[in-house]
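So this block is run-v8.csv, CSV, C-alpha atoms:
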```
chain,number,residue,atom,x,y,z
A,154,MET,CA,27.6,44.5,60.3
A,155,ALA,CA,24.8,42.7,62.1
A,156,THR,CA,22.9,43.4,65.3
A,157,PHE,CA,19.5,43.2,67.0
A,158,ILE,CA,17.4,46.4,66.9
A,159,GLU,CA,14.1,47.3,68.4
A,160,LEU,CA,11.1,48.2,66.1
A,161,THR,CA,7.7,49.6,67.1
A,162,ALA,CA,4.5,48.6,65.4
A,163,ALA,CA,1.6,50.9,64.7
A,164,ASP,CA,-0.2,49.9,68.0
A,165,GLY,CA,2.9,50.8,70.0
A,166,PHE,CA,4.1,47.2,70.5
A,167,LYS,CA,7.9,46.9,70.6
A,168,PHE,CA,9.7,43.9,69.3
A,169,PRO,CA,13.3,42.9,68.3
A,170,ALA,CA,14.5,42.3,64.7
A,171,TYR,CA,17.9,41.1,63.4
A,172,GLU,CA,19.5,43.6,61.1
A,173,ALA,CA,22.4,42.8,58.7
A,174,ARG,CA,23.9,45.5,56.6
A,175,PRO,CA,26.0,45.3,53.5
A,176,THR,CA,29.6,46.6,53.5
A,177,GLY,CA,28.9,49.1,50.7
A,178,PRO,CA,25.9,51.1,49.5
A,179,ALA,CA,22.6,49.2,49.8
A,180,LYS,CA,20.8,48.1,46.6
A,181,GLY,CA,17.6,48.1,48.7
A,182,ALA,CA,16.3,46.0,51.6
A,183,ILE,CA,15.0,42.5,52.2
A,184,VAL,CA,12.7,41.6,55.1
A,185,VAL,CA,13.4,38.0,56.0
A,186,LEU,CA,10.4,36.2,57.7
A,187,GLN,CA,11.2,33.3,60.0
A,188,GLU,CA,10.0,29.7,60.0
A,189,ILE,CA,8.3,28.4,63.1
A,190,PHE,CA,11.6,28.2,64.9
A,191,GLY,CA,12.2,31.9,65.7
A,192,VAL,CA,15.0,34.2,64.5
A,193,ASN,CA,17.5,31.4,65.1
A,194,ALA,CA,21.0,30.8,63.7
A,195,HIS,CA,19.6,29.7,60.4
A,196,ILE,CA,17.4,32.8,59.8
A,197,ARG,CA,20.2,35.1,60.9
A,198,ALA,CA,22.5,33.3,58.4
A,199,VAL,CA,19.9,33.9,55.7
A,200,ALA,CA,19.8,37.6,56.5
A,201,ASP,CA,23.6,37.7,56.5
A,202,GLY,CA,23.5,36.2,53.1
A,203,TYR,CA,21.3,38.9,51.6
A,204,ALA,CA,23.5,41.5,53.2
A,205,ALA,CA,26.4,40.0,51.5
A,206,HIS,CA,24.6,40.5,48.2
A,207,GLY,CA,24.2,44.2,48.9
A,208,TYR,CA,20.8,44.4,50.7
A,209,VAL,CA,19.9,45.7,54.2
A,210,ALA,CA,18.3,42.6,55.7
A,211,ILE,CA,15.8,42.8,58.5
A,212,ALA,CA,14.4,39.6,60.2
A,213,PRO,CA,11.6,40.6,62.7
A,214,ALA,CA,10.8,38.3,65.6
A,215,THR,CA,7.3,37.4,64.6
A,216,PHE,CA,6.7,35.3,67.7
A,217,HIS,CA,7.4,38.2,70.1
A,218,ARG,CA,3.7,39.0,70.7
A,219,VAL,CA,3.1,35.6,72.2
A,220,LYS,CA,6.6,34.7,73.5
A,221,PRO,CA,9.8,36.7,73.5
A,222,GLY,CA,13.3,35.3,72.9
A,223,VAL,CA,12.3,32.3,70.9
A,224,GLU,CA,15.2,30.4,69.2
A,225,LEU,CA,14.4,26.8,68.5
A,226,GLY,CA,16.3,24.0,66.7
A,227,TYR,CA,14.8,21.4,64.4
A,228,THR,CA,14.0,18.4,66.6
A,229,GLN,CA,10.5,16.9,66.9
A,230,GLU,CA,10.2,18.7,70.2
A,231,ASP,CA,11.2,22.0,68.6
A,232,ILE,CA,8.7,21.5,65.8
A,233,GLY,CA,5.9,20.9,68.3
A,234,ALA,CA,6.8,24.0,70.3
A,235,GLY,CA,6.9,26.0,67.1
A,236,VAL,CA,3.5,24.8,65.9
A,237,VAL,CA,2.0,25.9,69.2
A,238,LEU,CA,3.6,29.4,69.0
A,239,LYS,CA,2.5,29.8,65.4
A,240,SER,CA,-1.1,28.9,66.3
A,241,ALA,CA,-1.0,31.4,69.1
A,242,VAL,CA,0.1,34.2,66.7
A,243,GLU,CA,-2.4,33.2,64.1
A,244,ALA,CA,-5.1,33.5,66.8
A,245,LEU,CA,-4.3,37.1,67.5
A,246,PRO,CA,-6.9,39.7,66.6
A,247,ALA,CA,-6.3,41.3,63.2
A,248,PRO,CA,-4.0,42.7,62.1
A,249,GLY,CA,-1.9,40.7,64.6
A,250,VAL,CA,1.7,40.2,63.5
A,251,MET,CA,1.1,41.8,60.1
A,252,GLN,CA,1.6,45.2,61.8
A,253,ASP,CA,5.0,44.1,63.0
A,254,ILE,CA,6.0,43.1,59.5
A,255,GLN,CA,4.7,46.5,58.2
A,256,ALA,CA,7.0,48.1,60.8
A,257,ALA,CA,9.9,46.0,59.5
A,258,VAL,CA,9.1,47.0,55.9
A,259,ASP,CA,8.9,50.7,56.8
A,260,TYR,CA,12.2,50.6,58.8
A,261,ALA,CA,13.9,48.7,55.9
A,262,ALA,CA,12.9,51.3,53.4
A,263,GLN,CA,14.4,54.0,55.6
A,264,ALA,CA,17.5,52.1,56.4
A,265,SER,CA,18.3,51.3,52.7
A,266,GLY,CA,17.3,54.7,51.4
A,267,THR,CA,18.7,58.2,51.4
A,268,SER,CA,17.7,61.4,53.2
A,269,SER,CA,15.4,62.2,50.2
A,270,GLN,CA,14.3,58.8,49.0
A,271,LEU,CA,13.1,55.5,50.6
A,272,GLY,CA,14.9,52.4,49.5
A,273,PRO,CA,13.0,49.6,47.7
A,274,VAL,CA,11.9,46.7,49.9
A,275,GLY,CA,11.4,43.0,49.1
A,276,VAL,CA,10.1,40.3,51.4
A,277,VAL,CA,11.2,36.6,51.6
A,278,GLY,CA,10.0,34.0,54.0
A,279,TYR,CA,10.2,30.3,54.7
A,280,CYS,CA,7.6,27.8,55.9
A,281,TRP,CA,5.3,29.9,58.1
A,282,GLY,CA,7.3,32.9,57.0
A,283,GLY,CA,6.4,32.0,53.4
A,284,LEU,CA,2.7,32.3,54.3
A,285,LEU,CA,3.4,35.6,56.0
A,286,THR,CA,5.3,36.7,52.9
A,287,TRP,CA,2.2,36.0,50.7
A,288,ARG,CA,0.1,38.0,53.1
A,289,ALA,CA,2.6,40.8,53.1
A,290,ALA,CA,2.4,40.9,49.3
A,291,CYS,CA,-1.4,41.2,49.5
A,292,LEU,CA,-1.9,43.4,52.5
A,293,LEU,CA,1.0,45.6,53.3
A,294,THR,CA,2.3,48.9,51.8
A,295,GLY,CA,5.8,49.5,50.5
A,296,VAL,CA,6.5,45.9,49.3
A,297,ARG,CA,8.0,45.9,45.8
A,298,ALA,CA,8.5,42.2,45.4
A,299,ALA,CA,7.8,39.0,47.5
A,300,VAL,CA,9.3,35.5,47.4
A,301,PRO,CA,7.5,32.9,49.6
A,302,TYR,CA,9.3,29.6,50.1
A,303,TYR,CA,7.0,26.6,50.7
A,304,GLY,CA,4.5,28.7,52.6
A,305,GLY,CA,2.3,26.3,54.7
A,306,GLY,CA,-1.3,27.3,54.3
A,307,MET,CA,-0.8,29.4,51.2
A,308,THR,CA,-2.9,27.0,49.2
A,309,SER,CA,-5.9,27.1,51.5
A,310,PRO,CA,-9.0,28.7,50.0
A,311,ALA,CA,-8.8,31.7,52.3
A,312,GLU,CA,-5.2,32.5,51.2
A,313,ILE,CA,-5.8,31.7,47.5
A,314,ALA,CA,-8.6,34.3,47.7
A,315,ARG,CA,-6.1,37.1,48.4
A,316,SER,CA,-4.7,39.3,45.6
A,317,PRO,CA,-1.1,40.3,45.5
A,318,GLN,CA,-0.2,44.0,45.1
A,319,CYS,CA,3.3,43.4,43.9
A,320,PRO,CA,5.2,40.8,41.8
A,321,VAL,CA,5.5,37.4,43.5
A,322,ARG,CA,7.7,34.4,42.8
A,323,VAL,CA,6.9,31.3,44.8
A,324,HIS,CA,9.1,28.3,45.5
A,325,PHE,CA,7.3,24.9,46.2
A,326,ALA,CA,8.6,21.4,46.4
A,327,ASP,CA,7.3,18.4,44.5
A,328,ASN,CA,7.5,16.1,47.6
A,329,ASP,CA,6.2,18.4,50.3
A,330,ALA,CA,3.9,16.5,52.6
A,331,SER,CA,2.7,19.8,54.1
A,332,ILE,CA,1.6,21.3,50.8
A,333,PRO,CA,-0.2,18.8,48.6
A,334,LEU,CA,0.3,19.2,44.8
A,335,ASP,CA,-3.4,19.6,44.2
A,336,GLY,CA,-3.3,22.7,46.4
A,337,VAL,CA,-0.4,24.1,44.4
A,338,ALA,CA,-2.3,23.4,41.2
A,339,ALA,CA,-5.3,25.3,42.6
A,340,PHE,CA,-3.1,28.2,43.6
A,341,LYS,CA,-1.5,28.4,40.2
A,342,GLN,CA,-4.9,28.3,38.5
A,343,ALA,CA,-6.2,31.1,40.7
A,344,HIS,CA,-3.0,33.3,40.3
A,345,PRO,CA,-1.6,33.2,36.7
A,346,GLU,CA,0.1,36.5,37.6
A,347,VAL,CA,2.3,34.7,40.2
A,348,GLU,CA,5.3,32.8,39.0
A,349,VAL,CA,5.2,29.3,40.7
A,350,LEU,CA,8.5,27.4,40.6
A,351,MET,CA,8.8,23.7,41.6
A,352,TYR,CA,11.8,21.7,42.9
A,353,PRO,CA,12.4,17.9,43.3
A,354,ALA,CA,12.7,18.3,47.1
A,355,THR,CA,10.8,18.3,50.3
A,356,HIS,CA,9.5,20.9,52.8
A,357,GLY,CA,12.3,22.9,54.3
A,358,PHE,CA,14.7,22.3,51.4
A,359,ASN,CA,16.4,25.7,51.9
A,360,CYS,CA,17.4,25.1,55.5
A,361,ASP,CA,20.9,23.6,55.9
A,362,HIS,CA,20.2,23.0,59.6
A,363,ARG,CA,17.7,20.2,58.9
A,364,GLY,CA,17.6,16.8,57.2
A,365,ALA,CA,15.3,18.1,54.5
A,366,TYR,CA,18.1,20.4,53.1
A,367,ASP,CA,18.7,20.0,49.4
A,368,ALA,CA,21.8,21.9,48.4
A,369,ALA,CA,21.0,21.9,44.7
A,370,ALA,CA,17.4,23.1,45.1
A,371,ALA,CA,18.4,25.7,47.7
A,372,ALA,CA,21.1,27.1,45.4
A,373,PHE,CA,18.8,27.2,42.4
A,374,ALA,CA,16.0,28.9,44.4
A,375,LYS,CA,18.4,31.4,45.9
A,376,GLU,CA,19.8,32.3,42.4
A,377,ARG,CA,16.2,32.8,41.1
A,378,THR,CA,15.3,34.8,44.2
A,379,LEU,CA,18.3,37.1,43.7
A,380,VAL,CA,17.5,37.6,40.1
A,381,PHE,CA,13.9,38.4,40.9
A,382,PHE,CA,14.9,41.0,43.6
A,383,ALA,CA,17.4,42.5,41.2
A,384,GLN,CA,14.6,43.0,38.6
A,385,HIS,CA,12.1,44.5,41.0
A,386,LEU,CA,14.2,46.4,43.5
A,387,GLY,CA,16.7,47.9,41.1
```
Can you turn what I pasted into structure tokens?
Amino acid sequence: MATFIELTAADGFKFPAYEARPTGPAKGAIVVLQEIFGVNAHIRAVADGYAAHGYVAIAPATFHRVKPGVELGYTQEDIGAGVVLKSAVEALPAPGVMQDIQAAVDYAAQASGTSSQLGPVGVVGYCWGGLLTWRAACLLTGVRAAVPYYGGGMTSPAEIARSPQCPVRVHFADNDASIPLDGVAAFKQAHPEVEVLMYPATHGFNCDHRGAYDAAAAAFAKERTLVFFAQHLG
């Protein structure tokens, strides 16, 4: 079962999120953080995939504070529009969109739990969502495990300086023009507690809606992600 729901952040801001539920009892919940293209067909399919593996999956619309209803494709024009929207969200006063992600985590814990106990919550994100996943691991409460995929900006000094509060497994690509390997090396050196996994692919390798898609890398990363969540959300 999948539908859009409305969530409310701590400051009272209301925003939509896509919710996909498993057919049986939930193992826990996964918050799925979008790329710079909105909660589009690909991100909804990713959420559906986690629901099929037994998790309540919540994909919050992290552009909603600057523009509602964003659903982009993967053309150069779409990329340009997404970059502008990402910059607008990043320019919001703190805590900005992180309070929306906290609201999604809180809802996910309730939705996957029982009347007496909250369910365990993991966070996974792609591209810009990978960066937000890293921040969620460092800044938010209630996150039991986090898996950023090729998070643009994660290897900047400001992001490297953050400290994760939960287990983190990161997926990077060897041939990612957006994330130089020296930045990945600096991240790994600063965070020996984080498991950094590399793939012979390019940026966006998980997305089967774009030319960068690498089926083998995507399948291997998904398998490793599911194992990681099973270990930490079980």
Item to check | Protein and nucleic acid residues near (12.3, 47.3, 57.9) (cut-off 9 Å, all atoms listed in the file) as number ranges by chain | outcome: A: 160, 170, 172, 182-184, 209-213, 254-265, 274
Could you write those residues out with C-alpha atoms, as a compact mmCIF listing (two decimals), keeping the file's coordinate frame?
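This went into result.txt:
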```txt
# COMPACT_ATOMS: atom_id res chain seq x y z
CA LEU A 160 11.10 48.20 66.10
CA ALA A 170 14.50 42.30 64.70
CA GLU A 172 19.50 43.60 61.10
CA ALA A 182 16.30 46.00 51.60
CA ILE A 183 15.00 42.50 52.20
CA VAL A 184 12.70 41.60 55.10
CA VAL A 209 19.90 45.70 54.20
CA ALA A 210 18.30 42.60 55.70
CA ILE A 211 15.80 42.80 58.50
CA ALA A 212 14.40 39.60 60.20
CA PRO A 213 11.60 40.60 62.70
CA ILE A 254 6.00 43.10 59.50
CA GLN A 255 4.70 46.50 58.20
CA ALA A 256 7.00 48.10 60.80
CA ALA A 257 9.90 46.00 59.50
CA VAL A 258 9.10 47.00 55.90
CA ASP A 259 8.90 50.70 56.80
CA TYR A 260 12.20 50.60 58.80
CA ALA A 261 13.90 48.70 55.90
CA ALA A 262 12.90 51.30 53.40
CA GLN A 263 14.40 54.00 55.60
CA ALA A 264 17.50 52.10 56.40
CA SER A 265 18.30 51.30 52.70
CA VAL A 274 11.90 46.70 49.90
```
Residues of segment 203-307 of chain A at most 12 Å from segment 342-366 of chain A: nearest atom pair and distance in Å, only C-alpha atoms, as CSV:
```
residue,atom,partner,partner_atom,distance
A:Leu225,CA,A:His362,CA,11.3
A:Gly226,CA,A:His362,CA,8.2
A:Tyr227,CA,A:Arg363,CA,6.3
A:Thr228,CA,A:Arg363,CA,8.7
A:Gln229,CA,A:Arg363,CA,11.3
A:Asp231,CA,A:Arg363,CA,11.8
A:Ile232,CA,A:Arg363,CA,11.4
A:Gly278,CA,A:Asn359,CA,10.7
A:Tyr279,CA,A:Gly357,CA,7.7
A:Cys280,CA,A:Gly357,CA,7.0
A:Trp281,CA,A:Gly357,CA,10.6
A:Gly282,CA,A:Gly357,CA,11.5
A:Gly283,CA,A:Gly357,CA,10.9
A:Trp287,CA,A:Val347,CA,10.6
A:Ala290,CA,A:Val347,CA,11.0
A:Cys291,CA,A:Val347,CA,11.9
A:Ala298,CA,A:Val347,CA,11.0
A:Ala299,CA,A:Val347,CA,10.1
A:Val300,CA,A:Glu348,CA,9.7
A:Pro301,CA,A:Val349,CA,9.9
A:Tyr302,CA,A:Asn359,CA,8.3
A:Tyr303,CA,A:His356,CA,6.6
A:Gly304,CA,A:His356,CA,9.3
A:Gly305,CA,A:His356,CA,9.2
A:Met307,CA,A:His344,CA,11.8
```
Item to check | Met154 of chain A surroundings by all atoms listed in the file, 9 Å radius, close-in-sequence under 3 positions cut, as an NGL selection string | outcome: :A and (172-176 or 201 or 204)
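Our summary of the geometry notes that atom CA of Val242 of chain A is positioned 22.7 Å from atom CA of Val199 of chain A.
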Checklist entry - Within 10 Å of Asp164 of chain A, counting all atoms listed in the file, which residues qualify if same-chain residues fewer than 3 places away don't, as a ChimeraX atom specification? => result /A:161,167,249,252-253
I need the chosen residues saved as an mmCIF file, in the frame of the given file, with C-alpha atoms.
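Once written, selection-v5.cif looks like this:
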```cif
data_model
loop_
_atom_site.group_PDB
_atom_site.id
_atom_site.type_symbol
_atom_site.label_atom_id
_atom_site.label_comp_id
_atom_site.auth_asym_id
_atom_site.auth_seq_id
_atom_site.Cartn_x
_atom_site.Cartn_y
_atom_site.Cartn_z
ATOM 1 C CA THR A 161 7.700 49.600 67.100
ATOM 2 C CA LYS A 167 7.900 46.900 70.600
ATOM 3 C CA GLY A 249 -1.900 40.700 64.600
ATOM 4 C CA GLN A 252 1.600 45.200 61.800
ATOM 5 C CA ASP A 253 5.000 44.100 63.000
#
```
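The space between atom CA of Pro320 of chain A and atom CA of Asn193 of chain A spans 28.0 Å.
Among the candidates A:Val185, A:Ala383, A:Ala326, A:Ile313, the one nearest to Phe340 of chain A when counting all atoms listed in the file is A:Ile313.
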